[in-house]
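Since the structure comes first, as structure tokens, the remarks are kept for the end.
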2 protein chains.
Amino acid sequence: MQCPIKLTILGSSSALPTSERYPSAHVLNVHERFFLIDCGEGTQMQMRRYKIRFSRINHIFISHLHGDHIFGLYGLLSSFSLMGRKSNINLYAPSGYGSILASHLADFDIKLGFDINFVPLSGKEPVTILDDKYLSVTAFPLVHRVPSFGFLFREKTQDRNILKESIEKFNIPPVRIPAIKKGADFITEEGNIIKNEDITTLPREPLSYAYCSDTKYFRRLSSFVKGVTLLYHEATFDKSKQELADMTCHSTTFDAARIAMEAGAGKLVIGHFSARYKDISHLVNESRSIFPNTVPAIDGRSYNVDGIDDI
Amino acid sequence: MQCPIKLTILGSSSALPTSERYPSAHVLNVHERFFLIDCGEGTQMQMRRYKIRFSRINHIFISHLHGDHIFGLYGLLSSFSLMGRKSNINLYAPSGYGSILASHLADFDIKLGFDINFVPLSGKEPVTILDDKYLSVTAFPLVHRVPSFGFLFREKTQDRNILKESIEKFNIPPVRIPAIKKGADFITEEGNIIKNEDITTLPREPLSYAYCSDTKYFRRLSSFVKGVTLLYHEATFDKSKQELADMTCHSTTFDAARIAMEAGAGKLVIGHFSARYKDISHLVNESRSIFPNTVPAIDGRSYNVDGIDDI
């Protein structure tokens, strides 16, 4: 079965991009709904390069107001408009950004053809910022030089799977199936009660994805992303640069791996690499020494959120 | 002889970039001094891709305040600073941009480690904005939806070339050579006057480069760029879109070619192509039907400003 949630990395660099590593931007495909997480400079060109359709993006999440996470947003919004977009964009970003955005659009003569539904982020506790039938998204605080937020995307518990042979055996009419998938027993025309567990199997475990960038290590972070299936965590520096990481409120490979381990994550993707590392293989190895199931974020690469058979 | 002025295109798209064509940005190498002209989103990544050294850029010229000409500037300035730059940047941009930039840097927590010497552009007449021993730069008004300026880079008249055999023949001491190159006669120890034209040859013609983007056609424009060696002129649309071009204050291939012809330009580079044109060959052909010496702007390609043997 295809994994129903996929992550595509559009940018894996930290503040200084290279021609190979663009600034931060992730696209999460959840059952063919697309969520853009951070929007560094060049995101729209990367979206074109990696065939992400602009019209599929309805929600944009901005972790914090540093340029390498947001300087692609103006161009992207502007392009949306030039392409004739009419439908709203839901924009989740640190509070205060609403007025910055408004004055920016005015400064550059940008008249958007659609509305922005701005959801301000603030506070020191996790908050659910999106919740529907299939998915919930929680924003949680990180520790950085400016207010910074991580995001946890969690599938809702899936319906139970009804066994095909039971449908035939008990002649279950289609109208009854939704309730059975939710856990109801089936009562036959003769009044016999067929137990739910006899005609269904357990649903698969809900998948989840957490985005943690930028932040220094703090123990509580692992509680925010407890049991996440796929964790993305920044690892700007190798372990020899722990002091620099602490000073700049960033993480090392060890910090990222510790959070993954403490959270019991299924798999860890590290990224937001400092431009000083031409080759990132030792960063991956360092992280693996603590959390073996680590892979690097690479521009243009996609990852199954169930951690199986990356694309 | 290598051409002493070279143009490198970093972006040739109009407002909607593609993965092949980035938004407007040109680098002009004048005797190994590098000038950045416009700075669309992704310029810093293109500079890395095409090996333009960041430290060589000391002057940045912004034609107008539309995103596809400036949204790369914040990231570039920020990267300059992260790379430890201390030397000033001379920034030439439409008046009003100084305060926009200041509030933007504050909004995004950017503290630059260098000063910006801001030169505001305004008015309806050409103005010399840079003038030194080797080069002058003139800003001239264009006609667009917002105040917009073109730039003309012109080499100063070169010194005359002294003939090597004359130096030997008349035993000319090195101390006298600079004056002779400027046109002085040489007086021998015996008091004989050797005419300048007998010991020197004419210098080569000064080269020049003009950048015209974004603008609609207006006749006076050709007078601003009269006799330019290499003209870059936007050609957002093909000739069938003349009405759209007029309405949006852009140029067609015909408009660009007419300016080149009327100005007596040596060569024309057209660019700023609408994303609707996947293949731009018919745009080039249209322009060539009026001005044969037309070539297209292509991301990453370099052009000799003397028009000979493009790189």
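By convention in this document, the chains of the structure tokens carry letters A, B, ... by their order, each chain's residues are numbered from 1, and ligands are numbered from 1 in the order they are shown.
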Exercise. Output the contact residues of chain A with respect to chain B at a cut-off of 9 Å, based on only C-alpha atoms, as a ChimeraX atom specification.
Key: /A:15-22,41-50,65-68,71-72,74-75,78-79,82-83,97,100,104,107-110,146
Saved selection, atoms kept: N, CA and C atoms, as a tab-separated table (two decimals), in the first residue's frame:
```
chain	number	residue	atom	x	y	z
A	15	ALA	N	20.72	29.31	7.28
A	15	ALA	CA	20.58	30.68	6.78
A	15	ALA	C	21.34	30.96	5.48
A	16	LEU	N	22.48	30.31	5.27
A	16	LEU	CA	23.24	30.55	4.05
A	16	LEU	C	22.95	29.44	3.04
A	17	PRO	N	22.15	29.71	2.04
A	17	PRO	CA	21.85	28.66	1.07
A	17	PRO	C	23.03	28.43	0.12
A	18	THR	N	23.02	27.31	-0.56
A	18	THR	CA	23.99	27.03	-1.61
A	18	THR	C	23.19	26.75	-2.89
A	19	SER	N	23.85	26.45	-3.97
A	19	SER	CA	23.07	26.15	-5.18
A	19	SER	C	22.42	24.76	-5.08
A	20	GLU	N	22.91	23.94	-4.16
A	20	GLU	CA	22.36	22.58	-3.97
A	20	GLU	C	21.33	22.53	-2.85
A	21	ARG	N	21.51	23.41	-1.89
A	21	ARG	CA	20.63	23.37	-0.71
A	21	ARG	C	19.94	24.72	-0.55
A	22	TYR	N	18.66	24.73	-0.79
A	22	TYR	CA	17.87	25.95	-0.66
A	22	TYR	C	17.44	26.13	0.80
A	41	GLU	N	13.52	31.58	0.67
A	41	GLU	CA	13.74	32.14	-0.68
A	41	GLU	C	13.88	31.01	-1.71
A	42	GLY	N	13.18	31.16	-2.81
A	42	GLY	CA	13.29	30.20	-3.90
A	42	GLY	C	12.29	29.05	-3.82
A	43	THR	N	11.41	29.08	-2.80
A	43	THR	CA	10.45	27.98	-2.64
A	43	THR	C	9.62	27.78	-3.90
A	44	GLN	N	9.17	28.88	-4.52
A	44	GLN	CA	8.31	28.71	-5.69
A	44	GLN	C	9.08	28.08	-6.86
A	45	MET	N	10.36	28.37	-6.98
A	45	MET	CA	11.13	27.74	-8.05
A	45	MET	C	11.32	26.24	-7.73
A	46	GLN	N	11.54	25.94	-6.46
A	46	GLN	CA	11.68	24.53	-6.07
A	46	GLN	C	10.37	23.77	-6.27
A	47	MET	N	9.25	24.43	-6.00
A	47	MET	CA	7.95	23.78	-6.22
A	47	MET	C	7.78	23.42	-7.69
A	48	ARG	N	8.22	24.34	-8.56
A	48	ARG	CA	8.12	24.04	-9.99
A	48	ARG	C	9.08	22.91	-10.36
A	49	ARG	N	10.29	22.99	-9.81
A	49	ARG	CA	11.29	21.97	-10.13
A	49	ARG	C	10.81	20.58	-9.74
A	50	TYR	N	10.15	20.49	-8.58
A	50	TYR	CA	9.76	19.17	-8.06
A	50	TYR	C	8.26	18.90	-8.23
A	65	LEU	N	10.02	34.19	12.21
A	65	LEU	CA	10.24	35.30	11.28
A	65	LEU	C	11.73	35.56	11.03
A	66	HIS	N	12.44	34.54	10.63
A	66	HIS	CA	13.79	34.71	10.11
A	66	HIS	C	13.74	34.46	8.61
A	67	GLY	N	14.54	35.26	7.89
A	67	GLY	CA	14.46	35.29	6.44
A	67	GLY	C	14.53	33.94	5.77
A	68	ASP	N	15.39	33.07	6.26
A	68	ASP	CA	15.57	31.79	5.57
A	68	ASP	C	14.36	30.86	5.72
A	71	PHE	N	11.41	34.25	3.32
A	71	PHE	CA	11.62	35.21	2.23
A	71	PHE	C	11.10	34.73	0.87
A	72	GLY	N	10.65	33.49	0.81
A	72	GLY	CA	10.01	33.04	-0.42
A	72	GLY	C	8.51	33.29	-0.45
A	74	TYR	N	6.64	36.08	-0.14
A	74	TYR	CA	6.10	37.21	-0.92
A	74	TYR	C	6.00	36.84	-2.39
A	75	GLY	N	7.05	36.22	-2.89
A	75	GLY	CA	7.04	35.82	-4.29
A	75	GLY	C	5.97	34.77	-4.56
A	78	SER	N	2.52	36.33	-4.50
A	78	SER	CA	2.41	37.13	-5.71
A	78	SER	C	2.15	36.23	-6.92
A	79	SER	N	2.84	35.12	-7.00
A	79	SER	CA	2.64	34.18	-8.12
A	79	SER	C	1.26	33.54	-8.07
A	82	LEU	N	-0.96	36.08	-9.61
A	82	LEU	CA	-0.75	36.19	-11.06
A	82	LEU	C	-1.34	34.99	-11.81
A	83	MET	N	-1.38	33.85	-11.13
A	83	MET	CA	-1.92	32.65	-11.76
A	83	MET	C	-3.44	32.58	-11.63
A	97	TYR	N	2.96	39.00	12.45
A	97	TYR	CA	3.31	38.93	11.04
A	97	TYR	C	2.20	39.47	10.14
A	100	ILE	N	2.96	43.02	9.35
A	100	ILE	CA	4.19	43.09	8.54
A	100	ILE	C	3.84	42.74	7.09
A	104	HIS	N	4.06	45.13	3.73
A	104	HIS	CA	4.95	44.66	2.67
A	104	HIS	C	4.22	44.62	1.33
A	107	ASP	N	3.90	48.10	0.11
A	107	ASP	CA	5.20	48.65	-0.34
A	107	ASP	C	5.53	48.22	-1.76
A	108	PHE	N	5.17	46.98	-2.10
A	108	PHE	CA	5.58	46.43	-3.38
A	108	PHE	C	4.43	46.33	-4.38
A	109	ASP	N	3.37	47.08	-4.09
A	109	ASP	CA	2.32	47.23	-5.10
A	109	ASP	C	1.69	45.88	-5.45
A	110	ILE	N	1.56	45.01	-4.43
A	110	ILE	CA	0.99	43.69	-4.68
A	110	ILE	C	-0.46	43.67	-4.23
A	146	VAL	N	14.09	34.27	18.36
A	146	VAL	CA	12.81	34.98	18.21
A	146	VAL	C	11.71	33.93	18.44
```
Quiz prompt | Residues within 12 Å of Glu286 in chain B, only C-alpha atoms, excluding chain neighbours under 5 positions, as a ChimeraX atom specification | solution = /B:235,237-240,252-258,270,280-281,291-296
Self-check item: Test item: residues at most 8 Å from Leu207 in chain B, only C-alpha atoms, excluding those fewer than 2 positions along its chain, as a list in words
Solution: Ile5, Arg154, Glu155, Glu205, Tyr209, Val228, Thr229, Val305 and Asp306 of chain B
Output for the residues just chosen: C-alpha atoms as a PDB file, in the first residue's frame:
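Contents of selection_36.pdb, freshly written:
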```pdb
ATOM      1  CA  ILE B   5      33.060  44.034 -19.956  1.00  0.00           C
ATOM      2  CA  ARG B 154      29.735  53.508 -20.019  1.00  0.00           C
ATOM      3  CA  GLU B 155      33.495  53.032 -20.005  1.00  0.00           C
ATOM      4  CA  GLU B 205      36.115  52.620 -28.611  1.00  0.00           C
ATOM      5  CA  TYR B 209      25.846  48.417 -21.566  1.00  0.00           C
ATOM      6  CA  VAL B 228      25.141  51.688 -26.724  1.00  0.00           C
ATOM      7  CA  THR B 229      27.320  48.677 -27.481  1.00  0.00           C
ATOM      8  CA  VAL B 305      29.570  43.615 -24.211  1.00  0.00           C
ATOM      9  CA  ASP B 306      31.528  44.213 -27.413  1.00  0.00           C
TER      10      ASP B 306
END
```
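DSSP, applied to the backbone of this structure, assigns strand (DSSP E or B) to the following residues of range 37-73 of chain A: Ile37, Ile57, Asn58, His59, Ile60, Phe61 and His64 of chain A.
Between His59 in chain B and the candidates B:Ile194, B:Leu91, B:Val30, B:Ile129, the tightest atom-to-atom separation, counting only C-alpha atoms, involves B:Leu91.
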Practice problem: Find the distance between CA of Phe224 in chain A and CA of Met261 in chain A and write it in Å to one decimal. | Solution: 13.1 Å
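With CA of Asn90 in chain A on one side and CA of Ala210 in chain A on the other, the separation reads 18.9 Å.
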Exercise. Determine, counting only C-alpha atoms, which protein, DNA and RNA residues have an atom within 12 Å of an atom of Arg85 in chain B; residues of the same chain fewer than 4 positions away are not included. Present the result as number ranges by chain.
Key: B: 54-58, 76-81, 89, 111-116
DSSP on the backbone: what in range 157-263 of chain B comes out helix (DSSP H, G or I), as a CSV table (one decimal) with N, CA and C atoms, in the first residue's frame?
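Listing of result-v1.csv after writing:
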```
chain,number,residue,atom,x,y,z
B,164,LYS,N,55.3,49.9,-28.9
B,164,LYS,CA,56.5,49.4,-28.2
B,164,LYS,C,57.8,49.8,-28.9
B,165,GLU,N,57.7,49.7,-30.2
B,165,GLU,CA,58.9,50.0,-31.0
B,165,GLU,C,59.3,51.4,-30.8
B,166,SER,N,58.4,52.4,-30.6
B,166,SER,CA,58.7,53.8,-30.4
B,166,SER,C,59.5,53.9,-29.1
B,167,ILE,N,59.1,53.2,-28.1
B,167,ILE,CA,59.7,53.3,-26.8
B,167,ILE,C,61.2,53.0,-26.9
B,168,GLU,N,61.5,51.9,-27.7
B,168,GLU,CA,62.9,51.5,-27.9
B,168,GLU,C,63.6,52.5,-28.8
B,169,LYS,N,62.9,52.9,-29.9
B,169,LYS,CA,63.5,53.7,-30.9
B,169,LYS,C,63.9,55.1,-30.3
B,170,PHE,N,63.0,55.7,-29.5
B,170,PHE,CA,63.3,57.0,-29.0
B,170,PHE,C,63.8,57.0,-27.5
B,174,PRO,N,60.1,55.4,-18.7
B,174,PRO,CA,58.8,55.0,-18.2
B,174,PRO,C,58.0,56.2,-17.6
B,175,VAL,N,58.6,57.1,-17.0
B,175,VAL,CA,57.9,58.2,-16.3
B,175,VAL,C,57.1,59.1,-17.3
B,176,ARG,N,57.5,59.1,-18.5
B,176,ARG,CA,56.9,59.9,-19.5
B,176,ARG,C,55.7,59.2,-20.2
B,177,ILE,N,55.6,57.9,-20.0
B,177,ILE,CA,54.6,57.1,-20.7
B,177,ILE,C,53.1,57.5,-20.4
B,178,PRO,N,52.8,57.7,-19.1
B,178,PRO,CA,51.4,58.1,-18.9
B,178,PRO,C,50.9,59.3,-19.6
B,179,ALA,N,51.7,60.4,-19.6
B,179,ALA,CA,51.4,61.6,-20.3
B,179,ALA,C,51.2,61.3,-21.8
B,180,ILE,N,52.1,60.6,-22.4
B,180,ILE,CA,52.0,60.3,-23.8
B,180,ILE,C,50.7,59.5,-24.1
B,181,LYS,N,50.4,58.6,-23.2
B,181,LYS,CA,49.1,57.8,-23.5
B,181,LYS,C,47.9,58.8,-23.4
B,196,ASN,N,52.8,63.0,-31.0
B,196,ASN,CA,52.1,61.9,-30.3
B,196,ASN,C,51.6,60.9,-31.3
B,197,GLU,N,51.0,61.4,-32.4
B,197,GLU,CA,50.4,60.4,-33.4
B,197,GLU,C,51.4,59.5,-34.1
B,198,ASP,N,52.7,59.9,-34.0
B,198,ASP,CA,53.7,59.0,-34.6
B,198,ASP,C,54.1,57.9,-33.6
B,199,ILE,N,53.8,58.0,-32.4
B,199,ILE,CA,54.3,57.0,-31.4
B,199,ILE,C,53.1,56.3,-30.7
B,220,ARG,N,11.5,58.4,-26.6
B,220,ARG,CA,12.7,59.1,-26.0
B,220,ARG,C,13.7,58.1,-25.4
B,221,LEU,N,13.2,56.9,-25.1
B,221,LEU,CA,14.1,55.9,-24.5
B,221,LEU,C,15.3,55.7,-25.3
B,222,SER,N,15.2,55.7,-26.6
B,222,SER,CA,16.3,55.4,-27.5
B,222,SER,C,17.4,56.5,-27.4
B,223,SER,N,16.9,57.7,-27.1
B,223,SER,CA,17.9,58.8,-26.9
B,223,SER,C,18.8,58.6,-25.7
B,224,PHE,N,18.2,57.9,-24.7
B,224,PHE,CA,18.9,57.7,-23.4
B,224,PHE,C,20.0,56.7,-23.6
B,239,LYS,N,4.7,39.8,-30.4
B,239,LYS,CA,4.0,41.0,-31.0
B,239,LYS,C,2.5,40.8,-31.0
B,240,SER,N,2.0,39.6,-30.9
B,240,SER,CA,0.5,39.4,-30.9
B,240,SER,C,-0.1,40.0,-29.6
B,241,LYS,N,0.8,40.2,-28.6
B,241,LYS,CA,0.2,40.7,-27.3
B,241,LYS,C,0.5,42.2,-27.1
B,242,GLN,N,0.6,42.9,-28.2
B,242,GLN,CA,0.9,44.4,-28.0
B,242,GLN,C,-0.1,45.1,-27.1
B,243,GLU,N,-1.3,44.7,-27.2
B,243,GLU,CA,-2.3,45.4,-26.3
B,243,GLU,C,-2.1,45.2,-24.9
B,244,LEU,N,-1.8,43.9,-24.6
B,244,LEU,CA,-1.5,43.5,-23.2
B,244,LEU,C,-0.3,44.2,-22.7
B,245,ALA,N,0.7,44.2,-23.6
B,245,ALA,CA,2.0,44.9,-23.2
B,245,ALA,C,1.7,46.4,-22.9
B,246,ASP,N,0.9,47.1,-23.7
B,246,ASP,CA,0.7,48.5,-23.5
B,246,ASP,C,-0.1,48.6,-22.1
B,247,MET,N,-1.1,47.7,-21.9
B,247,MET,CA,-1.9,47.8,-20.7
B,247,MET,C,-1.1,47.6,-19.5
B,253,THR,N,8.5,42.1,-28.3
B,253,THR,CA,9.7,41.9,-29.1
B,253,THR,C,9.9,43.1,-30.1
B,254,PHE,N,8.8,43.5,-30.7
B,254,PHE,CA,9.0,44.6,-31.6
B,254,PHE,C,9.4,45.9,-30.9
B,255,ASP,N,8.8,46.2,-29.8
B,255,ASP,CA,9.2,47.4,-29.0
B,255,ASP,C,10.7,47.4,-28.7
B,256,ALA,N,11.1,46.2,-28.2
B,256,ALA,CA,12.6,46.1,-27.9
B,256,ALA,C,13.4,46.3,-29.1
B,257,ALA,N,13.1,45.7,-30.2
B,257,ALA,CA,13.9,45.8,-31.4
B,257,ALA,C,13.9,47.2,-32.0
B,258,ARG,N,12.7,47.9,-31.8
B,258,ARG,CA,12.7,49.3,-32.3
B,258,ARG,C,13.6,50.2,-31.5
B,259,ILE,N,13.6,50.0,-30.2
B,259,ILE,CA,14.5,50.8,-29.4
B,259,ILE,C,16.0,50.5,-29.8
B,260,ALA,N,16.3,49.3,-30.0
B,260,ALA,CA,17.7,48.9,-30.4
B,260,ALA,C,18.0,49.6,-31.7
B,261,MET,N,17.1,49.6,-32.7
B,261,MET,CA,17.3,50.1,-34.0
B,261,MET,C,17.5,51.6,-33.9
B,262,GLU,N,16.5,52.2,-33.2
B,262,GLU,CA,16.5,53.7,-33.1
B,262,GLU,C,17.8,54.2,-32.3
B,263,ALA,N,18.2,53.4,-31.4
B,263,ALA,CA,19.4,53.8,-30.6
B,263,ALA,C,20.7,53.5,-31.4
```
For Gln158 in chain A, please output as a PDB file with C-alpha atoms, in the first residue's frame all residues within 7 Å (counting only C-alpha atoms; exclusion window: fewer than 5 positions along the same chain).
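Okay, part.pdb is ready:
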```
ATOM      1  CA  PRO A 203      -7.390   0.063  11.613  1.00  0.00           C
ATOM      2  CA  ARG A 204      -3.786   0.909  10.912  1.00  0.00           C
ATOM      3  CA  PRO A 206      -2.487   6.897  12.588  1.00  0.00           C
TER       4      PRO A 206
END
```
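Shortest atom-to-atom contact with Arg53 in chain B among B:Val284, B:Leu130, B:Leu36, B:Leu230: B:Leu36, counting only C-alpha atoms.
When CA of Val225 in chain B is paired with CA of Val269 in chain B, their separation reads 13.8 Å.
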Exercise. Check the smallest atom-to-atom distance from each of B:Gly98, B:Ala93, B:Glu32, B:Phe151 to Gln2 in chain B using only C-alpha atoms, then report the winner.
Key: B:Glu32
